[in-house]
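*Asks:* Structure incoming, see below.
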Amino acid sequence: MGRFGEAGCLCWLSGSRDPRVPWYAKCVAVLVAAYALSPIDLIRDFIPVIGYLDDLVLLPLGILLVIRLVPRGLMAEHQATAEKHGGLPKNWVAEVIIIFLWVAGITFLAWLFYIIFSNGVFHERFSSFSDCFG
């Protein structure tokens, strides 16, 4: 995530805990986040081009609305706090575990493909298909 994204997330998080932020701004922020994470779209994504336009238009407009609903001075204060902290908190243990799981999964798949294709098991099992169709 770029610097703008981290600062934006921190600003969003600190604003959600601040009692000075209006309740309606928090409600709109929750709705925007729910729409972004929801598997339900207004326009289905399988429709070429148009399916993604709702995500490209509605989400930025929702974020802009949240920014407009929070008072300017308060938004500037949260942005300054976010930039001062310099980034999201890091959980190195979780990162190491996730990287380990990815490496283990890829290694297992590589080993499985090696076993299947190197011993001729694949060719022995599926050679009968060529007799049927060929």
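Within each chain, counting starts at residue 1; across the structure tokens, chains are named A, B, ... in the order shown, with ligands numbered 1 upward in that order.
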Contacts of Ala29 of chain A at 9 Å or less, counting only C-alpha atoms, minus same-chain residues fewer than 3 places along, as a VMD selection string?
*Replies:* chain A and resid 12 16 24 to 26 32 to 34 62 to 63 65 to 66
*Asks:* Quote the spacing between atom CA of Leu37 of chain A and atom CA of Leu53 of chain A in Å to one decimal place.
*Replies:*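 Going from atom CA of Leu37 of chain A over to atom CA of Leu53 of chain A covers 15.9 Å.
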*Asks:* Go ahead and compute the interatomic distance for atom CA of Asp54 of chain A and atom CA of Pro39 of chain A, in Å to one decimal.
*Replies:* 13.0 Å
*Asks:* What does the distance between atom CA of Val21 of chain A and atom CA of Ala80 of chain A come to in Å, to one decimal place?
*Replies:* 15.7 Å
